[in-house]
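**Q** Have a look at this one.
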There are 2 protein chains.
Amino acid sequence: MKMLINTPETVVADALRGMAAAHPDLVVDVERRLVVRRDAPGPGRVGLVSGGGSGHEPLHGGFVGYGMLSAACPGEVFTSPVPQQMVEAAAAVDGGRGVLFVVKNYTGDVLNFEMAAELAEEDGIRVERVLVDDDVAVVDSLYTAGRRGTGATLFVEKIAGAAAEEGAPLERVAALARKVNESSRSFGVALTACTTPAKGSPTFELPEGEMELGIGIHGEPGRERRPVVPAREIAELAVEAVLAELPPGPVLALVNGMGATPLLELYGFNAEVRRVLEARGVPVARSLVGNYVTSLDMAGCSLTLCRVDEELLGLWDAPVQTAALRWGR
Amino acid sequence: MKMLINTPETVVADALRGMAAAHPDLVVDVERRLVVRRDAPGPGRVGLVSGGGSGHEPLHGGFVGYGMLSAACPGEVFTSPVPQQMVEAAAAVDGGRGVLFVVKNYTGDVLNFEMAAELAEEDGIRVERVLVDDDVAVVDSLYTAGRRGTGATLFVEKIAGAAAEEGAPLERVAALARKVNESSRSFGVALTACTTPAKGSPTFELPEGEMELGIGIHGEPGRERRPVVPAREIAELAVEAVLAELPPGPVLALVNGMGATPLLELYGFNAEVRRVLEARGVPVARSLVGNYVTSLDMAGCSLTLCRVDEELLGLWDAPVQTAALRWGR
């Protein structure tokens, strides 16, 4: 598999150097593997830290900035960052009001963020953690006990980040993050596998003409494999799976590309998602279409719906200024 | 080749429906194939219209909005829109101060925008045209007499759009657009071919282990085919090719993904581009990394540099609010 890289060993460091060059408003520490808001720690602002394996860009580094994350810790590709990164991130962003760790539910991330929370608290930093586990496809998976954390991470980071920016205390920011996670569900579909730089070949076999329903963002197996059907039928399957686990009411809708699917196709898929939601009487309050929580060069997409009330919607609409998500400021 | 579509015949209409659902601030006319700013025509504002074949998203529809395009005309995939679309776009955005057509240099686009300009002028609309032809790879190509229009289109649309937003007259907006085009050069590299929905198989053969230097955004042949080399060497080739045709001085740098190359790799490539530019003493005033002028599911990237003075830089930095490019407002 051909890649635009130097060597598999330097992929993450190279990307961080390129991020530093592109975004002077971020402090990118290539050695320590940290992406931090230049104005951190904020005066009177709760710090919001996330992280995880690389290969899901723009998640998480692309979400660092005004109104969203205070810092991100990128691990090696599809590999959890280490506790030391998380502790250093917490120290960099704590302005005295504490830090919230946003943790996607993968075993390595969960353990490392837990250890980091203990270490940071020994250093006198108050830490809360919120677990993101929105993927309805499978219970327990290759790297997970319980549901996997996928697209809802964006909703959690945006809404908790808006609350932190407004000066909400740690307990409130954490409670909102948990509420967003509990109100969000996702379902992904792969048309192709992804290829990690280290392996150099696809992580699994997905023959021409077949798709994997319920795929994870590391290529973990989903619910079943079927012949590829038209986008309208895939949208029906995805909406059905997600709505089955959400209470009725208005939603934020994220149609997320896995990396290699053209935006032209993602918009077409969004049309079908909207059609199905309208037929079910589900109002879409806001809609986001694009590559946000990716899986390297995988073709396919995921749907995440977040059930919102006026409060969550207001925080979603609040200004945000990051590399990958910007509005209203 | 697997795709997330309904049928090849409905791909563009489906995408426009999905765009309408995602972006209530745009008027998306699926029947007439138009994407228009909701506040068009602007009072005292020159209209800025572009368009071209679909398959390059977010170009051009994703660049419609405050501070950039007034309207976009999407054609079928890799096929010029028809003059009727362009005339209707001009009528929709002309507030009495005239309309600028931004035309990428492909034979079909050039002819159709020329005919549309004549028709619009018969309707009493003043029209200027600017041709974008920034790709240094080849002179004359599969669909082109002269150089192809690629990444510089983004710079032209952003900077001319900022001038139009500030109330500049048509001649001034057109002159700035021409200046940006003359100050911009691009070079693209493909790691894989792209697949159009209608054909369903790759548009050309690019064997494992080889890359095409100087690729066009429709998969047109470039300068030569070579074994894939590390990103740092590709960056040297691309920077070399672009700088050979630009005067010295500070630049805007666009590292643009062709569609299927992960953002992780694009950032790594950006690091190498920056390294080479620094070694040549070329200051990078601003940097943009992402998928902006794509070629469906092609893997690869292009580099566009635009030589800027204080005036162009000020217009680049001016607020923009579109689906794909947003800042400062």
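By convention in this document, the chains of the structure tokens carry letters A, B, ... by their order, each chain's residues are numbered from 1, and ligands are numbered from 1 in the order they are shown.
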Go through chain B residue by residue and, counting only C-alpha atoms, keep those with an atom at most 8 Å from chain A; for each kept residue give the shortest atom pair and its distance in Å to one decimal, ordered by chain and increasing number, as JSON lines.
**A**
{"residue": "B:Met1", "atom": "CA", "partner": "A:Glu208", "partner_atom": "CA", "distance": 6.9}
{"residue": "B:Lys2", "atom": "CA", "partner": "A:Gly209", "partner_atom": "CA", "distance": 6.4}
{"residue": "B:Met3", "atom": "CA", "partner": "A:Leu191", "partner_atom": "CA", "distance": 7.4}
{"residue": "B:Leu4", "atom": "CA", "partner": "A:Ala231", "partner_atom": "CA", "distance": 5.3}
{"residue": "B:Ile5", "atom": "CA", "partner": "A:Ala231", "partner_atom": "CA", "distance": 4.8}
{"residue": "B:Asn6", "atom": "CA", "partner": "A:Pro230", "partner_atom": "CA", "distance": 4.5}
{"residue": "B:Thr7", "atom": "CA", "partner": "A:Pro230", "partner_atom": "CA", "distance": 7.3}
{"residue": "B:Val11", "atom": "CA", "partner": "A:Gly268", "partner_atom": "CA", "distance": 6.8}
{"residue": "B:Val12", "atom": "CA", "partner": "A:Leu264", "partner_atom": "CA", "distance": 7.5}
{"residue": "B:Ala13", "atom": "CA", "partner": "A:Gly268", "partner_atom": "CA", "distance": 8.0}
{"residue": "B:Asp14", "atom": "CA", "partner": "A:Gly268", "partner_atom": "CA", "distance": 4.5}
{"residue": "B:Ala15", "atom": "CA", "partner": "A:Gly268", "partner_atom": "CA", "distance": 3.9}
{"residue": "B:Leu16", "atom": "CA", "partner": "A:Tyr267", "partner_atom": "CA", "distance": 7.2}
{"residue": "B:Arg17", "atom": "CA", "partner": "A:Ala271", "partner_atom": "CA", "distance": 5.4}
{"residue": "B:Gly18", "atom": "CA", "partner": "A:Ala271", "partner_atom": "CA", "distance": 3.8}
{"residue": "B:Met19", "atom": "CA", "partner": "A:Tyr267", "partner_atom": "CA", "distance": 5.8}
{"residue": "B:Ala21", "atom": "CA", "partner": "A:Ala271", "partner_atom": "CA", "distance": 6.7}
{"residue": "B:Ala22", "atom": "CA", "partner": "A:Ser287", "partner_atom": "CA", "distance": 5.0}
{"residue": "B:His23", "atom": "CA", "partner": "A:Ser287", "partner_atom": "CA", "distance": 7.6}
{"residue": "B:Ser54", "atom": "CA", "partner": "A:Leu264", "partner_atom": "CA", "distance": 7.9}
{"residue": "B:Gly55", "atom": "CA", "partner": "A:Leu264", "partner_atom": "CA", "distance": 6.4}
{"residue": "B:Glu57", "atom": "CA", "partner": "A:Leu263", "partner_atom": "CA", "distance": 5.9}
{"residue": "B:Pro58", "atom": "CA", "partner": "A:Leu263", "partner_atom": "CA", "distance": 7.0}
{"residue": "B:Leu191", "atom": "CA", "partner": "A:Lys2", "partner_atom": "CA", "distance": 6.4}
{"residue": "B:Glu208", "atom": "CA", "partner": "A:Met1", "partner_atom": "CA", "distance": 6.9}
{"residue": "B:Gly209", "atom": "CA", "partner": "A:Lys2", "partner_atom": "CA", "distance": 6.4}
{"residue": "B:Val228", "atom": "CA", "partner": "A:Lys2", "partner_atom": "CA", "distance": 7.4}
{"residue": "B:Pro230", "atom": "CA", "partner": "A:Asn6", "partner_atom": "CA", "distance": 4.5}
{"residue": "B:Ala231", "atom": "CA", "partner": "A:Ile5", "partner_atom": "CA", "distance": 4.8}
{"residue": "B:Arg232", "atom": "CA", "partner": "A:Asn6", "partner_atom": "CA", "distance": 6.4}
{"residue": "B:Gly259", "atom": "CA", "partner": "A:Pro262", "partner_atom": "CA", "distance": 6.1}
{"residue": "B:Ala260", "atom": "CA", "partner": "A:Ala260", "partner_atom": "CA", "distance": 3.9}
{"residue": "B:Thr261", "atom": "CA", "partner": "A:Asp297", "partner_atom": "CA", "distance": 6.4}
{"residue": "B:Pro262", "atom": "CA", "partner": "A:Leu296", "partner_atom": "CA", "distance": 5.3}
{"residue": "B:Leu263", "atom": "CA", "partner": "A:Glu57", "partner_atom": "CA", "distance": 5.9}
{"residue": "B:Leu264", "atom": "CA", "partner": "A:Ala15", "partner_atom": "CA", "distance": 5.7}
{"residue": "B:Glu265", "atom": "CA", "partner": "A:Leu4", "partner_atom": "CA", "distance": 5.7}
{"residue": "B:Leu266", "atom": "CA", "partner": "A:Ala15", "partner_atom": "CA", "distance": 7.5}
{"residue": "B:Tyr267", "atom": "CA", "partner": "A:Gly18", "partner_atom": "CA", "distance": 4.6}
{"residue": "B:Gly268", "atom": "CA", "partner": "A:Ala15", "partner_atom": "CA", "distance": 3.9}
{"residue": "B:Phe269", "atom": "CA", "partner": "A:Gly18", "partner_atom": "CA", "distance": 7.0}
{"residue": "B:Asn270", "atom": "CA", "partner": "A:Gly18", "partner_atom": "CA", "distance": 4.9}
{"residue": "B:Ala271", "atom": "CA", "partner": "A:Gly18", "partner_atom": "CA", "distance": 3.8}
{"residue": "B:Glu272", "atom": "CA", "partner": "A:Gly18", "partner_atom": "CA", "distance": 7.5}
{"residue": "B:Arg274", "atom": "CA", "partner": "A:Ala21", "partner_atom": "CA", "distance": 7.1}
{"residue": "B:Arg286", "atom": "CA", "partner": "A:Ala22", "partner_atom": "CA", "distance": 7.5}
{"residue": "B:Ser287", "atom": "CA", "partner": "A:Ala22", "partner_atom": "CA", "distance": 5.0}
{"residue": "B:Leu288", "atom": "CA", "partner": "A:Ala22", "partner_atom": "CA", "distance": 6.3}
{"residue": "B:Val289", "atom": "CA", "partner": "A:Ala22", "partner_atom": "CA", "distance": 7.0}
{"residue": "B:Leu296", "atom": "CA", "partner": "A:Pro262", "partner_atom": "CA", "distance": 5.3}
{"residue": "B:Asp297", "atom": "CA", "partner": "A:Pro262", "partner_atom": "CA", "distance": 5.8}
{"residue": "B:Gly300", "atom": "CA", "partner": "A:Leu4", "partner_atom": "CA", "distance": 7.2}
{"residue": "B:Gln321", "atom": "CA", "partner": "A:Trp327", "partner_atom": "CA", "distance": 7.9}
{"residue": "B:Arg326", "atom": "CA", "partner": "A:Arg326", "partner_atom": "CA", "distance": 6.3}
{"residue": "B:Trp327", "atom": "CA", "partner": "A:Arg326", "partner_atom": "CA", "distance": 6.9}
{"residue": "B:Gly328", "atom": "CA", "partner": "A:Arg329", "partner_atom": "CA", "distance": 6.4}
{"residue": "B:Arg329", "atom": "CA", "partner": "A:Arg329", "partner_atom": "CA", "distance": 4.9}
**Q** Do a neighbour search on Cys306 in chain A at 7 Å with only C-alpha atoms, toss out local chain neighbours closer than 5 positions, and write the hits as a list of chain:residue names.
**A**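 After dropping sequence-adjacent residues, the list is A:Val180, A:Ser183, A:Ser184, A:Arg185, A:Val251, A:Leu252, A:Ala253.
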**Q** I need the residues in range 24-101 of chain A that are alpha helix (DSSP H) according to DSSP; give them as a list in words.
**A**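 Selecting the alpha helix (DSSP H) positions of range 24-101 of chain A gives Pro83, Gln84, Gln85, Met86, Val87, Glu88, Ala89, Ala90, Ala91, Ala92 and Val93 of chain A.
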**Q** Take the residues just selected and output them with N, CA and C atoms as a CSV table (one decimal), in the first residue's frame.
**A**
chain,number,residue,atom,x,y,z
A,83,PRO,N,0.5,7.7,29.9
A,83,PRO,CA,0.1,8.6,31.0
A,83,PRO,C,0.9,9.8,31.2
A,84,GLN,N,2.2,9.7,30.9
A,84,GLN,CA,3.1,10.9,31.0
A,84,GLN,C,2.6,12.1,30.2
A,85,GLN,N,2.2,11.8,28.9
A,85,GLN,CA,1.6,12.8,28.1
A,85,GLN,C,0.4,13.5,28.7
A,86,MET,N,-0.4,12.7,29.2
A,86,MET,CA,-1.7,13.2,29.8
A,86,MET,C,-1.4,14.0,31.0
A,87,VAL,N,-0.5,13.6,31.8
A,87,VAL,CA,-0.1,14.4,33.0
A,87,VAL,C,0.5,15.7,32.6
A,88,GLU,N,1.3,15.7,31.6
A,88,GLU,CA,1.9,17.0,31.2
A,88,GLU,C,0.9,17.9,30.5
A,89,ALA,N,-0.1,17.3,29.8
A,89,ALA,CA,-1.2,18.1,29.3
A,89,ALA,C,-2.0,18.7,30.4
A,90,ALA,N,-2.3,17.9,31.4
A,90,ALA,CA,-3.1,18.5,32.5
A,90,ALA,C,-2.4,19.6,33.2
A,91,ALA,N,-1.1,19.5,33.4
A,91,ALA,CA,-0.3,20.5,34.0
A,91,ALA,C,-0.2,21.8,33.2
A,92,ALA,N,-0.2,21.6,31.9
A,92,ALA,CA,-0.1,22.7,30.9
A,92,ALA,C,-1.4,23.5,30.9
A,93,VAL,N,-2.5,22.9,31.2
A,93,VAL,CA,-3.8,23.6,31.0
A,93,VAL,C,-4.6,23.9,32.2
**Q** Grab the CA of Leu69 in chain B to CA of Gly52 in chain B distance for me, in Å with one decimal place.
**A**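 Computed distance, CA of Leu69 in chain B to CA of Gly52 in chain B, equals 13.4 Å.
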**Q** Mind giving me the straight-line distance from CA of Arg97 in chain B to CA of Gly44 in chain B in Å, one decimal?
**A**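 Atom-to-atom, CA of Arg97 in chain B and CA of Gly44 in chain B are spaced 6.4 Å apart.
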**Q** Determine which residues of range 204-270 of chain B receive a DSSP assignment of strand (DSSP E or B), computed from the backbone, and state them as a list in words.
**A**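 So, restricting range 204-270 of chain B to strand (DSSP E or B), we get Glu210, Met211, Glu212, Leu213, Glu224, Arg225, Arg226, Pro227, Val251, Leu252, Ala253, Leu254, Val255, Asn256, Gly257 and Gly259 of chain B.
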**Q** Near Val136 in chain B, within 12 Å and counting only C-alpha atoms, which residues show up once chain neighbours fewer than 3 positions away are dropped, as JSON, numbers by chain?
**A** {"B": [132, 133, 139, 140, 141, 146, 147, 148, 149, 150, 151, 152, 182, 184, 185, 186, 187, 188, 213, 214, 215, 216, 222, 223, 238, 239, 240, 241, 242, 243, 244, 245, 246, 302, 303, 304, 305]}
**Q** Expressed in Å to a single decimal, how great is the separation between CA of Ala168 in chain A and CA of Val103 in chain A?
**A** 19.9 Å
**Q** Would you list the contacts of Thr203 in chain A as a list in words, taking every protein, DNA or RNA residue within 8 Å and counting only C-alpha atoms, but skipping same-chain residues closer than 3 positions in sequence?
**A**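 So the residues in contact are Ala193, Cys194, Thr195, Thr196, Lys199 and Gly219 of chain A.
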